[in-house]
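**Student:** One file: model.csv (CSV, C-alpha atoms and all ligand atoms).
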```csv
chain,number,residue,atom,x,y,z
T,1220,MET,CA,-20.6,-180.2,-15.7
T,1221,THR,CA,-20.6,-177.2,-13.4
T,1222,ALA,CA,-24.3,-177.7,-12.6
T,1223,PHE,CA,-23.7,-181.4,-12.2
T,1224,TYR,CA,-21.1,-180.8,-9.5
T,1225,ARG,CA,-23.1,-178.1,-7.7
T,1226,HIS,CA,-26.4,-179.9,-7.7
T,1227,PHE,CA,-25.4,-183.6,-7.4
T,1228,VAL,CA,-21.8,-184.2,-6.3
T,1229,LYS,CA,-21.3,-181.3,-3.9
T,1230,PRO,CA,-24.4,-181.9,-1.8
T,1231,ILE,CA,-23.3,-185.5,-1.2
T,1232,LEU,CA,-19.7,-184.5,-0.4
T,1233,PHE,CA,-20.8,-181.7,1.9
T,1234,GLN,CA,-23.0,-184.1,3.9
T,1235,SER,CA,-19.9,-186.0,5.0
T,1236,ASP,CA,-16.9,-185.1,7.1
T,1237,PRO,CA,-14.5,-182.9,5.0
T,1238,GLU,CA,-11.6,-185.3,5.3
T,1239,MET,CA,-13.8,-188.3,4.5
T,1240,ALA,CA,-15.1,-186.5,1.4
T,1241,HIS,CA,-11.5,-185.7,0.4
T,1242,ASP,CA,-10.3,-189.3,0.9
T,1243,TRP,CA,-13.3,-190.6,-1.1
T,1244,THR,CA,-12.6,-188.2,-4.0
T,1245,LEU,CA,-8.9,-189.3,-3.9
T,1246,ARG,CA,-9.8,-193.0,-4.0
T,1247,ILE,CA,-12.0,-192.4,-7.1
T,1248,LEU,CA,-9.3,-190.3,-8.8
T,1249,HIS,CA,-6.7,-193.1,-7.9
T,1250,LYS,CA,-8.9,-195.7,-9.7
T,1251,LEU,CA,-9.5,-193.3,-12.6
T,1252,SER,CA,-5.7,-192.8,-12.9
T,1253,GLN,CA,-5.3,-196.5,-13.7
T,1254,ASN,CA,-7.6,-196.4,-16.7
T,1255,ALA,CA,-6.4,-194.5,-19.7
T,1256,HIS,CA,-9.8,-194.6,-21.5
T,1257,LEU,CA,-11.6,-193.1,-18.5
T,1258,LEU,CA,-8.9,-190.5,-18.2
T,1259,ALA,CA,-9.3,-189.6,-21.9
T,1260,THR,CA,-13.1,-189.2,-21.4
T,1261,PHE,CA,-12.5,-187.0,-18.4
T,1262,GLU,CA,-10.2,-184.9,-20.5
T,1263,THR,CA,-12.8,-184.2,-23.1
T,1264,PHE,CA,-15.1,-182.7,-20.4
T,1265,TYR,CA,-12.5,-180.9,-18.3
T,1266,GLN,CA,-9.7,-179.9,-20.7
T,1267,ALA,CA,-8.7,-176.3,-20.3
T,1268,SER,CA,-8.0,-174.1,-23.4
T,1269,PRO,CA,-4.2,-173.6,-24.0
T,1270,LEU,CA,-2.7,-170.6,-22.3
T,1271,PRO,CA,1.0,-171.6,-22.4
T,1272,ILE,CA,3.6,-170.0,-20.2
T,1273,GLN,CA,7.3,-170.6,-20.0
T,1274,VAL,CA,9.0,-170.3,-16.6
T,1275,GLU,CA,12.7,-170.6,-16.5
T,1276,GLY,CA,12.9,-173.4,-19.1
T,1277,LEU,CA,9.8,-175.3,-18.0
T,1278,HIS,CA,6.8,-175.3,-20.3
T,1279,PHE,CA,3.3,-175.0,-18.6
T,1280,PRO,CA,0.3,-175.6,-21.0
T,1281,ASN,CA,-1.7,-173.3,-18.7
T,1282,PRO,CA,-0.8,-171.4,-15.5
T,1283,VAL,CA,-3.3,-173.1,-13.1
T,1284,GLY,CA,-1.8,-175.8,-10.9
T,1285,LEU,CA,-3.0,-178.1,-8.1
T,1286,ALA,CA,-1.8,-176.7,-4.7
T,1287,ALA,CA,0.0,-178.9,-2.2
T,1288,GLY,CA,-2.0,-180.9,0.3
T,1289,MET,CA,-4.6,-182.3,-2.0
T,1290,ASP,CA,-2.6,-185.3,-3.3
T,1291,LYS,CA,0.0,-185.9,-0.5
T,1292,ASN,CA,0.9,-189.4,-1.6
T,1293,ALA,CA,0.8,-189.0,-5.4
T,1294,LYS,CA,-2.1,-191.4,-5.6
T,1295,ALA,CA,-3.9,-189.5,-8.4
T,1296,LEU,CA,-1.1,-188.0,-10.3
T,1297,PRO,CA,-2.3,-189.0,-13.8
T,1298,ALA,CA,-5.8,-187.7,-13.1
T,1299,TRP,CA,-4.9,-184.0,-12.4
T,1300,PRO,CA,-4.0,-183.0,-16.0
T,1301,SER,CA,-7.2,-184.7,-17.2
T,1302,LEU,CA,-9.0,-182.2,-15.0
T,1303,GLY,CA,-7.3,-179.4,-16.8
T,1304,PHE,CA,-4.4,-178.6,-14.5
T,1305,GLY,CA,-1.3,-177.0,-16.1
T,1306,PHE,CA,1.0,-178.4,-13.4
T,1307,VAL,CA,0.7,-180.5,-10.2
T,1308,GLU,CA,2.3,-180.0,-6.8
T,1309,LEU,CA,2.4,-183.3,-4.8
T,1310,GLY,CA,2.9,-183.6,-1.1
T,1311,GLY,CA,3.7,-182.3,1.5
T,1312,VAL,CA,6.0,-185.2,1.8
T,1313,THR,CA,8.2,-185.8,4.9
T,1314,TYR,CA,11.1,-188.2,5.0
T,1315,HIS,CA,9.4,-190.3,7.6
T,1316,ALA,CA,5.8,-191.6,7.2
T,1317,GLN,CA,3.6,-190.0,9.8
T,1318,PRO,CA,-0.1,-190.1,10.8
T,1319,GLY,CA,-0.6,-186.3,11.3
T,1320,ASN,CA,-2.8,-184.7,14.0
T,1321,PRO,CA,-5.8,-186.4,15.6
T,1322,LYS,CA,-9.1,-186.2,13.7
T,1323,PRO,CA,-11.2,-184.2,13.1
T,1324,ARG,CA,-8.6,-181.8,11.6
T,1325,MET,CA,-10.3,-180.3,8.5
T,1326,PHE,CA,-13.3,-178.0,8.7
T,1327,ARG,CA,-15.4,-176.1,6.1
T,1328,LEU,CA,-16.7,-172.6,6.3
T,1329,PRO,CA,-19.4,-172.8,3.6
T,1330,SER,CA,-20.8,-169.3,3.9
T,1331,ASP,CA,-17.3,-167.7,3.7
T,1332,LEU,CA,-15.8,-170.2,1.1
T,1333,GLY,CA,-13.1,-171.0,3.6
T,1334,VAL,CA,-11.4,-174.1,5.0
T,1335,ILE,CA,-9.5,-174.6,8.3
T,1336,ASN,CA,-7.1,-177.5,8.5
T,1337,ARG,CA,-4.6,-178.8,11.0
T,1338,MET,CA,-3.6,-182.0,9.1
T,1339,GLY,CA,0.0,-181.9,10.4
T,1340,PHE,CA,1.7,-183.4,7.3
T,1341,ASN,CA,-0.1,-186.8,7.4
T,1342,ASN,CA,1.6,-188.8,4.6
T,1343,ASN,CA,3.1,-192.1,3.7
T,1344,GLY,CA,6.7,-190.9,3.8
T,1345,ALA,CA,9.3,-190.3,1.0
T,1346,LEU,CA,10.1,-193.9,0.2
T,1347,ALA,CA,6.4,-194.9,-0.3
T,1348,THR,CA,5.8,-191.9,-2.5
T,1349,VAL,CA,8.9,-192.6,-4.6
T,1350,GLN,CA,7.5,-196.1,-5.1
T,1351,GLN,CA,4.1,-194.7,-6.2
T,1352,LEU,CA,5.9,-192.3,-8.7
T,1353,GLU,CA,7.9,-195.3,-10.1
T,1354,GLU,CA,4.6,-197.1,-10.6
T,1355,TRP,CA,3.1,-194.2,-12.6
T,1356,LYS,CA,6.2,-194.0,-14.7
T,1357,LYS,CA,6.2,-197.8,-15.4
T,1358,THR,CA,2.5,-198.0,-16.2
T,1359,GLY,CA,2.6,-195.0,-18.6
T,1360,GLY,CA,0.6,-192.7,-16.3
T,1361,TRP,CA,3.2,-190.0,-16.0
T,1362,PRO,CA,1.7,-186.6,-16.9
T,1363,LYS,CA,2.9,-184.3,-19.7
T,1364,VAL,CA,2.7,-181.3,-17.4
T,1365,PRO,CA,5.4,-180.2,-14.9
T,1366,VAL,CA,5.3,-182.0,-11.5
T,1367,ALA,CA,6.5,-180.4,-8.3
T,1368,LEU,CA,7.2,-182.0,-4.9
T,1369,ASN,CA,6.3,-180.1,-1.7
T,1370,LEU,CA,8.9,-181.0,0.9
T,1371,GLY,CA,8.2,-180.8,4.7
T,1372,LYS,CA,9.9,-181.6,7.9
T,1373,SER,CA,8.9,-184.8,9.9
T,1374,LYS,CA,7.5,-184.1,13.3
T,1375,ILE,CA,10.1,-186.3,15.0
T,1376,THR,CA,13.0,-184.4,13.3
T,1377,PRO,CA,14.4,-181.7,15.6
T,1378,LEU,CA,14.4,-178.3,14.1
T,1379,GLU,CA,18.2,-178.2,14.0
T,1380,SER,CA,18.3,-181.3,11.8
T,1381,ALA,CA,15.7,-179.9,9.3
T,1382,PRO,CA,18.4,-178.9,6.8
T,1383,GLU,CA,19.5,-182.5,6.5
T,1384,GLU,CA,16.0,-183.8,6.1
T,1385,TYR,CA,15.2,-181.3,3.3
T,1386,ALA,CA,18.5,-182.3,1.5
T,1387,LYS,CA,17.6,-186.0,1.9
T,1388,LEU,CA,14.2,-185.3,0.3
T,1389,VAL,CA,15.8,-183.5,-2.6
T,1390,HIS,CA,18.0,-186.6,-3.1
T,1391,CYS,CA,15.1,-189.0,-3.0
T,1392,PHE,CA,12.9,-187.1,-5.5
T,1393,TRP,CA,15.6,-185.8,-7.9
T,1394,ARG,CA,14.7,-188.2,-10.6
T,1395,TRP,CA,11.0,-187.5,-10.3
T,1396,ALA,CA,10.3,-183.8,-9.6
T,1397,ASP,CA,10.6,-181.1,-12.2
T,1398,PHE,CA,10.9,-178.6,-9.3
T,1399,PHE,CA,10.9,-178.5,-5.6
T,1400,ILE,CA,8.9,-176.4,-3.1
T,1401,VAL,CA,10.6,-176.1,0.3
T,1402,ASN,CA,7.7,-175.8,2.7
T,1403,VAL,CA,8.7,-173.9,5.8
T,1404,SER,CA,5.3,-172.3,6.3
T,1405,SER,CA,2.8,-174.8,7.4
T,1406,PRO,CA,1.3,-173.7,10.7
T,1407,ASN,CA,0.5,-177.3,11.7
T,1408,THR,CA,4.0,-178.7,12.5
T,1409,PRO,CA,5.3,-177.3,15.8
T,1410,GLU,CA,8.0,-174.6,15.1
T,1411,LEU,CA,8.2,-175.2,11.4
T,1412,ARG,CA,7.6,-171.5,10.6
T,1413,LYS,CA,10.7,-170.7,12.6
T,1414,LEU,CA,12.6,-172.0,9.6
T,1415,GLN,CA,11.6,-168.9,7.7
T,1416,GLY,CA,14.0,-166.8,9.9
T,1417,ALA,CA,17.0,-165.5,8.0
T,1418,GLN,CA,19.6,-167.8,9.7
T,1419,ALA,CA,17.4,-170.9,9.7
T,1420,ILE,CA,16.4,-170.6,6.1
T,1421,ASP,CA,20.1,-169.9,5.2
T,1422,HIS,CA,21.0,-173.3,6.8
T,1423,VAL,CA,18.2,-175.1,5.0
T,1424,LEU,CA,19.1,-173.6,1.6
T,1425,SER,CA,22.8,-174.3,2.0
T,1426,ALA,CA,22.1,-178.0,2.7
T,1427,ILE,CA,19.8,-178.1,-0.3
T,1428,ASP,CA,22.4,-176.3,-2.6
T,1429,GLU,CA,25.0,-178.9,-1.7
T,1430,GLU,CA,22.6,-181.7,-2.4
T,1431,VAL,CA,21.6,-180.1,-5.7
T,1432,THR,CA,25.3,-180.0,-6.8
T,1433,ALA,CA,25.7,-183.6,-5.8
T,1434,CYS,CA,22.5,-184.7,-7.7
T,1435,ARG,CA,23.5,-182.7,-10.8
T,1436,ALA,CA,26.8,-184.5,-10.8
T,1437,ALA,CA,25.2,-187.9,-10.3
T,1438,HIS,CA,22.5,-187.4,-13.0
T,1439,PRO,CA,24.2,-185.3,-15.7
T,1440,THR,CA,21.6,-186.1,-18.3
T,1441,LEU,CA,18.7,-184.8,-16.3
T,1442,PRO,CA,17.8,-181.1,-16.2
T,1443,THR,CA,18.4,-179.3,-13.0
T,1444,ARG,CA,15.5,-179.1,-10.5
T,1445,PRO,CA,14.7,-175.5,-9.5
T,1446,ILE,CA,14.1,-174.7,-5.8
T,1447,TRP,CA,11.1,-172.6,-4.7
T,1448,VAL,CA,10.3,-171.6,-1.1
T,1449,LYS,CA,6.7,-171.5,0.2
T,1450,VAL,CA,6.0,-168.6,2.6
T,1451,ASP,CA,3.2,-167.9,5.1
T,1452,PRO,CA,0.9,-164.9,4.9
T,1453,ASP,CA,1.5,-164.0,8.5
T,1454,LEU,CA,5.0,-162.8,8.0
T,1455,SER,CA,5.6,-159.0,8.3
T,1456,ASN,CA,7.1,-157.1,5.4
T,1457,PRO,CA,10.5,-156.8,7.1
T,1458,GLU,CA,10.4,-160.6,7.7
T,1459,LEU,CA,9.6,-161.1,4.0
T,1460,ASP,CA,12.5,-158.8,3.0
T,1461,ALA,CA,14.9,-160.7,5.2
T,1462,LEU,CA,13.7,-164.1,3.7
T,1463,MET,CA,14.0,-162.7,0.2
T,1464,GLU,CA,17.5,-161.5,0.8
T,1465,VAL,CA,18.6,-165.0,1.8
T,1466,CYS,CA,16.8,-166.6,-1.1
T,1467,GLY,CA,18.7,-164.2,-3.4
T,1468,ARG,CA,22.0,-165.5,-2.1
T,1469,HIS,CA,21.0,-169.1,-2.9
T,1470,SER,CA,19.8,-170.5,-6.1
T,1471,VAL,CA,16.1,-170.0,-5.3
T,1472,GLN,CA,14.1,-169.5,-8.4
T,1473,GLY,CA,10.9,-168.4,-6.8
T,1474,ILE,CA,8.4,-168.0,-4.0
T,1475,VAL,CA,5.1,-169.8,-3.5
T,1476,ALA,CA,2.8,-167.2,-1.8
T,1477,THR,CA,1.1,-168.2,0.3
T,1478,ASN,CA,0.4,-171.1,2.7
T,1479,THR,CA,-2.6,-170.9,5.0
T,1480,THR,CA,-3.0,-168.2,7.7
T,1481,THR,CA,-3.4,-168.4,11.5
T,1482,TRP,CA,-5.2,-165.0,11.3
T,1483,ARG,CA,-9.0,-165.0,12.1
T,1484,PRO,CA,-11.6,-162.3,11.3
T,1485,GLN,CA,-12.4,-159.9,14.2
T,1486,HIS,CA,-16.1,-160.6,14.0
T,1487,PRO,CA,-16.3,-164.2,12.9
T,1488,SER,CA,-19.5,-165.2,11.1
T,1489,ASP,CA,-19.1,-168.9,12.1
T,1490,SER,CA,-18.1,-170.6,15.3
T,1491,THR,CA,-15.8,-172.9,13.2
T,1492,TYR,CA,-13.3,-170.0,13.1
T,1493,SER,CA,-12.4,-170.9,16.6
T,1494,GLN,CA,-10.8,-174.2,15.4
T,1495,THR,CA,-7.0,-174.2,15.5
T,1496,GLY,CA,-5.2,-174.5,12.2
T,1497,GLY,CA,-4.5,-172.8,8.9
T,1498,LEU,CA,-7.3,-170.9,7.2
T,1499,SER,CA,-7.5,-171.0,3.4
T,1500,GLY,CA,-10.0,-170.0,0.7
T,1501,ALA,CA,-11.7,-166.7,0.2
T,1502,PRO,CA,-10.8,-165.2,3.6
T,1503,LEU,CA,-7.1,-165.6,2.7
T,1504,ARG,CA,-7.4,-164.0,-0.8
T,1505,GLU,CA,-6.6,-160.4,0.0
T,1506,ARG,CA,-3.6,-161.0,2.3
T,1507,SER,CA,-2.1,-163.6,-0.1
T,1508,SER,CA,-2.3,-161.0,-3.0
T,1509,GLU,CA,-0.6,-158.4,-0.8
T,1510,VAL,CA,2.3,-160.7,-0.1
T,1511,ILE,CA,2.6,-161.5,-3.8
T,1512,ARG,CA,2.6,-157.7,-4.6
T,1513,TRP,CA,5.3,-157.1,-2.0
T,1514,ILE,CA,7.6,-159.8,-3.1
T,1515,HIS,CA,7.2,-158.9,-6.8
T,1516,GLN,CA,7.9,-155.2,-6.1
T,1517,ARG,CA,10.8,-155.7,-3.7
T,1518,SER,CA,12.5,-158.3,-5.8
T,1519,GLN,CA,11.9,-156.1,-8.9
T,1520,GLY,CA,10.4,-159.2,-10.6
T,1521,LYS,CA,13.5,-161.2,-10.2
T,1522,LEU,CA,11.9,-163.8,-7.9
T,1523,LYS,CA,9.2,-165.7,-9.8
T,1524,ILE,CA,6.0,-166.2,-7.8
T,1525,ILE,CA,3.4,-168.9,-7.7
T,1526,GLY,CA,0.2,-167.2,-6.4
T,1527,VAL,CA,-2.1,-169.3,-4.2
T,1528,GLY,CA,-4.7,-168.3,-1.7
T,1529,GLY,CA,-8.5,-167.8,-2.1
T,1530,ILE,CA,-8.7,-168.1,-5.9
T,1531,MET,CA,-12.4,-168.8,-6.6
T,1532,THR,CA,-13.0,-166.8,-9.8
T,1533,ALA,CA,-11.2,-165.6,-12.9
T,1534,ARG,CA,-11.3,-162.1,-11.3
T,1535,ASP,CA,-9.3,-163.5,-8.3
T,1536,ALA,CA,-6.9,-165.2,-10.6
T,1537,TRP,CA,-6.3,-162.0,-12.6
T,1538,GLU,CA,-5.7,-160.1,-9.4
T,1539,LYS,CA,-2.9,-162.5,-8.5
T,1540,ILE,CA,-1.3,-162.2,-12.0
T,1541,GLY,CA,-1.5,-158.4,-11.7
T,1542,ALA,CA,0.1,-158.5,-8.3
T,1543,GLY,CA,3.1,-160.4,-9.7
T,1544,ALA,CA,2.4,-164.1,-9.9
T,1545,CYS,CA,3.3,-165.9,-13.1
T,1546,LEU,CA,1.7,-169.2,-12.1
T,1547,LEU,CA,-1.3,-169.9,-9.9
T,1548,GLN,CA,-2.6,-172.7,-7.7
T,1549,VAL,CA,-5.9,-173.7,-6.2
T,1550,TYR,CA,-7.1,-175.9,-3.3
T,1551,SER,CA,-10.1,-174.6,-1.4
T,1552,GLY,CA,-11.7,-173.3,-4.7
T,1553,LEU,CA,-11.9,-176.9,-5.9
T,1554,VAL,CA,-13.8,-177.9,-2.7
T,1555,PHE,CA,-16.5,-175.2,-3.3
T,1556,LYS,CA,-16.6,-174.9,-7.0
T,1557,GLY,CA,-15.6,-178.3,-8.3
T,1558,PRO,CA,-13.2,-179.4,-11.0
T,1559,THR,CA,-14.7,-177.1,-13.7
T,1560,LEU,CA,-13.0,-174.2,-11.8
T,1561,VAL,CA,-9.7,-174.9,-13.7
T,1562,GLN,CA,-11.4,-174.5,-17.1
T,1563,GLU,CA,-13.2,-171.4,-15.9
T,1564,LEU,CA,-10.0,-169.8,-14.6
T,1565,VAL,CA,-8.0,-170.5,-17.7
T,1566,ALA,CA,-10.8,-169.3,-20.0
T,1567,GLY,CA,-11.2,-166.1,-17.9
T,1568,LEU,CA,-7.5,-165.4,-17.9
T,1569,SER,CA,-7.3,-166.0,-21.7
T,1570,ASN,CA,-10.2,-163.6,-22.1
T,1571,GLN,CA,-8.4,-160.9,-20.1
T,1572,VAL,CA,-5.3,-161.3,-22.2
T,1573,CYS,CA,-7.4,-160.8,-25.3
T,1574,LEU,CA,-9.4,-157.8,-24.0
T,1575,HIS,CA,-6.2,-156.0,-22.9
T,1576,GLY,CA,-4.7,-156.7,-26.4
T,1577,LEU,CA,-1.8,-158.6,-25.0
T,1578,LYS,CA,0.1,-161.3,-26.9
T,1579,SER,CA,0.6,-163.6,-23.9
T,1580,LEU,CA,-0.2,-163.9,-20.2
T,1581,ASP,CA,3.3,-163.1,-19.0
T,1582,GLN,CA,2.8,-159.5,-20.4
T,1583,ALA,CA,0.2,-159.0,-17.6
T,1584,VAL,CA,2.4,-160.3,-14.7
T,1585,GLY,CA,2.8,-157.5,-12.1
T,1586,LYS,CA,1.1,-154.9,-14.2
T,1587,GLY,CA,-2.0,-154.6,-12.0
T,1588,LEU,CA,-4.3,-154.4,-15.0
T,1589,PRO,CA,-8.0,-154.0,-14.2
T,1590,PHE,CA,-10.4,-157.0,-14.7
T,1591,LEU,CA,-12.4,-156.0,-17.8
T,1592,ALA,CA,-15.9,-157.0,-18.5
T,1593,GLU,CA,-16.7,-158.1,-22.1
T,1594,GLU,CA,-18.4,-154.8,-23.0
T,1595,ASP,CA,-15.5,-152.6,-21.5
X,1601,LIG,C1,-6.4,-179.6,3.8
X,1601,LIG,C2,-5.2,-178.8,3.4
X,1601,LIG,C3,-4.0,-179.4,3.4
X,1601,LIG,C4,-2.8,-178.7,3.0
X,1601,LIG,N1,-1.6,-179.3,3.0
X,1601,LIG,C5,-0.5,-178.6,2.6
X,1601,LIG,C6,0.8,-179.2,2.6
X,1601,LIG,O1,0.9,-180.3,2.9
X,1601,LIG,N2,1.8,-178.4,2.2
X,1601,LIG,C7,1.7,-177.1,1.8
X,1601,LIG,O2,2.6,-176.4,1.5
X,1601,LIG,N3,0.4,-176.5,1.8
X,1601,LIG,C8,-0.6,-177.2,2.2
X,1601,LIG,N4,-1.9,-176.6,2.2
X,1601,LIG,C9,-2.0,-175.2,1.7
X,1601,LIG,C10,-2.4,-175.1,0.3
X,1601,LIG,O3,-1.4,-175.6,-0.6
X,1601,LIG,C11,-2.6,-173.6,-0.1
X,1601,LIG,O4,-1.4,-172.9,0.0
X,1601,LIG,C12,-3.6,-172.9,0.7
X,1601,LIG,O5,-4.7,-173.8,1.0
X,1601,LIG,C13,-4.2,-171.6,0.1
X,1601,LIG,O6,-4.8,-171.9,-1.1
X,1601,LIG,P1,-6.4,-172.0,-1.3
X,1601,LIG,O7,-7.0,-170.8,-0.7
X,1601,LIG,O8,-6.6,-172.1,-2.8
X,1601,LIG,O9,-6.8,-173.2,-0.6
X,1601,LIG,C14,-3.0,-177.3,2.5
X,1601,LIG,C15,-4.3,-176.8,2.5
X,1601,LIG,C16,-5.4,-177.5,2.9
X,1601,LIG,C17,-6.8,-176.9,2.9
```
Could you write out this file's structure as structure tokens?
**Tutor:**
Amino acid sequence: MTAFYRHFVKPILFQSDPEMAHDWTLRILHKLSQNAHLLATFETFYQASPLPIQVEGLHFPNPVGLAAGMDKNAKALPAWPSLGFGFVELGGVTYHAQPGNPKPRMFRLPSDLGVINRMGFNNNGALATVQQLEEWKKTGGWPKVPVALNLGKSKITPLESAPEEYAKLVHCFWRWADFFIVNVSSPNTPELRKLQGAQAIDHVLSAIDEEVTACRAAHPTLPTRPIWVKVDPDLSNPELDALMEVCGRHSVQGIVATNTTTWRPQHPSDSTYSQTGGLSGAPLRERSSEVIRWIHQRSQGKLKIIGVGGIMTARDAWEKIGAGACLLQVYSGLVFKGPTLVQELVAGLSNQVCLHGLKSLDQAVGKGLPFLAEED
């Protein structure tokens, strides 16, 4: 299947505009999601081997999840586990439907395995996404893996009203999400990143805490929905420390590290680097791993970490586990490597667990163990 993607599917996709290729793929996966037989067939090809991990009461069949931004409107929810994913992050969803930035707004850097995007939270809005989720529940398409919702601020919402918008989103999705990711780190919504400042994030998390208490009281039979915060890789270490300190005062379970970067290489190999937006993929890998290592060490492992940024190979995935991530996500890797990437990553991680003589993956989290070749 890997050769099939690289030789047949990818050349066709890469001939078209990146956003068109993305929309085309999503439409196919949406259709696929409505057909249980086709889903089962896909599963036989793409199923990942089991590598279970338990994170604060949630069971993940494997640690590789779909990153935010790929399925903003939950159109293909049933399809992702059939492609091997151990969990799915939907969104970013904003309360209000919005078109996002003018096109073109997504660019590939094929020789560097990078992507630049300035989508600007284009999405159908919270109510439409709730309807889509209801539909999947009704038609039996709800996946068996954990589902997270990535929450963003609408462009029309002033920064000072952001806490209310995040709280409203928690309210809307309480019945549907297994956990929430508070996205205050996208570079493509003006001023959004200011919400990572200590005082601003404190206000956002206080509003969310209140809403969580209300939702727990209103739905006593449902499990609680943990809150994670997604950070950007351009924060300095003191800024990260300040953010972590605030997270520690609220009921934040973990950090998603990282979102895309506004950084650019000093000697760019491609003129596309001059595009405005967030850079993801291989050029982000190292910085994202540094942020993970910092958060893991400074929080002494207390904050759980979902590691995301430039994972293209099992070696990259192992690096993030060693830095302190207990779960991983991919976006750009899927663009360049295709859907067999998930299987490949899970198999590679399993192999490392075996070669190091560990009983489970969580024994490797934060240990910085080397990536062993078979013969080592
Ligand atoms: C086209 C595109 C859209 C994205 N949209 C979102 C989003 O809505 N919310 C979010 O938190 N991250 C979003 N991201 C960031 C990814 O979730 C991820 O953090 C980042 O791409 C790094 O991972 P990668 O190197 O595997 O792509 C987006 C990324 C891309 C490429």
**Student:** Select, from T:Val1527, T:Leu1248, T:Ala1433, T:Val1389, the residue with the minimum atom-to-atom distance to ligand LIG 1601 (chain X), counting only C-alpha atoms and all ligand atoms.
**Tutor:**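 Going through T:Val1527, T:Leu1248, T:Ala1433, T:Val1389 one by one, the smallest distance to ligand LIG 1601 (chain X) is for T:Val1527.
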**Student:** If we count only C-alpha atoms and set the cut-off at 10 Å, which residues sit around T:Cys1545, ignoring sequence neighbours fewer than 5 positions away in its own chain? Please answer as an mmCIF file with C-alpha atoms, keeping the file's coordinate frame.
**Tutor:**
```cif
data_model
loop_
_atom_site.group_PDB
_atom_site.id
_atom_site.type_symbol
_atom_site.label_atom_id
_atom_site.label_comp_id
_atom_site.auth_asym_id
_atom_site.auth_seq_id
_atom_site.Cartn_x
_atom_site.Cartn_y
_atom_site.Cartn_z
ATOM 1 C CA ILE T 1272 3.600 -170.000 -20.200
ATOM 2 C CA GLN T 1273 7.300 -170.600 -20.000
ATOM 3 C CA VAL T 1274 9.000 -170.300 -16.600
ATOM 4 C CA PRO T 1282 -0.800 -171.400 -15.500
ATOM 5 C CA VAL T 1283 -3.300 -173.100 -13.100
ATOM 6 C CA LYS T 1523 9.200 -165.700 -9.800
ATOM 7 C CA ILE T 1524 6.000 -166.200 -7.800
ATOM 8 C CA ILE T 1525 3.400 -168.900 -7.700
ATOM 9 C CA GLY T 1526 0.200 -167.200 -6.400
ATOM 10 C CA LYS T 1539 -2.900 -162.500 -8.500
ATOM 11 C CA ILE T 1540 -1.300 -162.200 -12.000
ATOM 12 C CA LEU T 1580 -0.200 -163.900 -20.200
ATOM 13 C CA ASP T 1581 3.300 -163.100 -19.000
ATOM 14 C CA GLN T 1582 2.800 -159.500 -20.400
ATOM 15 C CA ALA T 1583 0.200 -159.000 -17.600
ATOM 16 C CA VAL T 1584 2.400 -160.300 -14.700
ATOM 17 C CA GLY T 1585 2.800 -157.500 -12.100
#
```
**Student:** Set the distance at 8 Å and use only C-alpha atoms: which residues neighbour T:Lys1372 once local chain neighbours fewer than 3 positions away are removed? I'd like the list as JSON, numbers by chain.
**Tutor:** {"T": [1313, 1314, 1376, 1381, 1384, 1385, 1411]}
**Student:** Mind listing the residues within 6 Å of ligand LIG 1601 (chain X), all atoms listed in the file counted, as a PyMOL selection string?
**Tutor:** chain T and resi 1286-1288+1310-1311+1334+1336+1340+1402+1477-1479+1499-1500+1527-1530+1549-1552
**Student:** Using Å and a single decimal, report how far atom CA of T:Gly1497 sits from atom CA of T:Phe1279.
**Tutor:** 28.7 Å
**Student:** If we count all atoms listed in the file and set the cut-off at 7 Å, which residues sit around T:Ser1301, ignoring sequence neighbours fewer than 4 positions away in its own chain? Please answer as a PDB file with C-alpha atoms, in the frame of the given file.
**Tutor:**
```
ATOM      1  CA  LEU T1258      -8.900-190.500 -18.200  1.00  0.00           C
ATOM      2  CA  PHE T1261     -12.500-187.000 -18.400  1.00  0.00           C
ATOM      3  CA  GLU T1262     -10.200-184.900 -20.500  1.00  0.00           C
ATOM      4  CA  TYR T1265     -12.500-180.900 -18.300  1.00  0.00           C
ATOM      5  CA  GLN T1266      -9.700-179.900 -20.700  1.00  0.00           C
TER       6      GLN T1266
END
```
**Student:** For T:Phe1306, list every protein, DNA or RNA residue within 7 Å, evaluated using all atoms listed in the file, and leave out those in the same chain fewer than 2 positions away; present the list as a list in words.
**Tutor:** Phe1279, Val1283, Gly1284, Leu1285, Phe1304, Glu1308, Val1364, Pro1365 and Val1366 of chain T
**Student:** Which one of T:Gly1319, T:Pro1445, T:Pro1452, T:Pro1271 sits closest to T:Gln1415 if you count only C-alpha atoms?
**Tutor:**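 Using only C-alpha atoms, the shortest distance to T:Gln1415 belongs to T:Pro1452.
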**Student:** Find, counting all atoms listed in the file, the residue in T:Gln1472, T:Asn1341, T:Ser1507, T:Ser1425 that gets nearest to T:Trp1447.
**Tutor:**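 Answer, going by the shortest atom-to-atom distance: T:Gln1472.
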**Student:** So that I can see what lies close to T:Pro1318, please list as a CSV table (one decimal) with C-alpha atoms, in the coordinates of the input the residues with an atom at most 12 Å from it, counting all atoms listed in the file and leaving out residues fewer than 6 positions away in the same chain.
**Tutor:**
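Saved the output as around11.csv:
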```csv
chain,number,residue,atom,x,y,z
T,1312,VAL,CA,6.0,-185.2,1.8
T,1324,ARG,CA,-8.6,-181.8,11.6
T,1338,MET,CA,-3.6,-182.0,9.1
T,1339,GLY,CA,0.0,-181.9,10.4
T,1340,PHE,CA,1.7,-183.4,7.3
T,1341,ASN,CA,-0.1,-186.8,7.4
T,1342,ASN,CA,1.6,-188.8,4.6
T,1343,ASN,CA,3.1,-192.1,3.7
T,1344,GLY,CA,6.7,-190.9,3.8
T,1373,SER,CA,8.9,-184.8,9.9
T,1374,LYS,CA,7.5,-184.1,13.3
T,1375,ILE,CA,10.1,-186.3,15.0
```
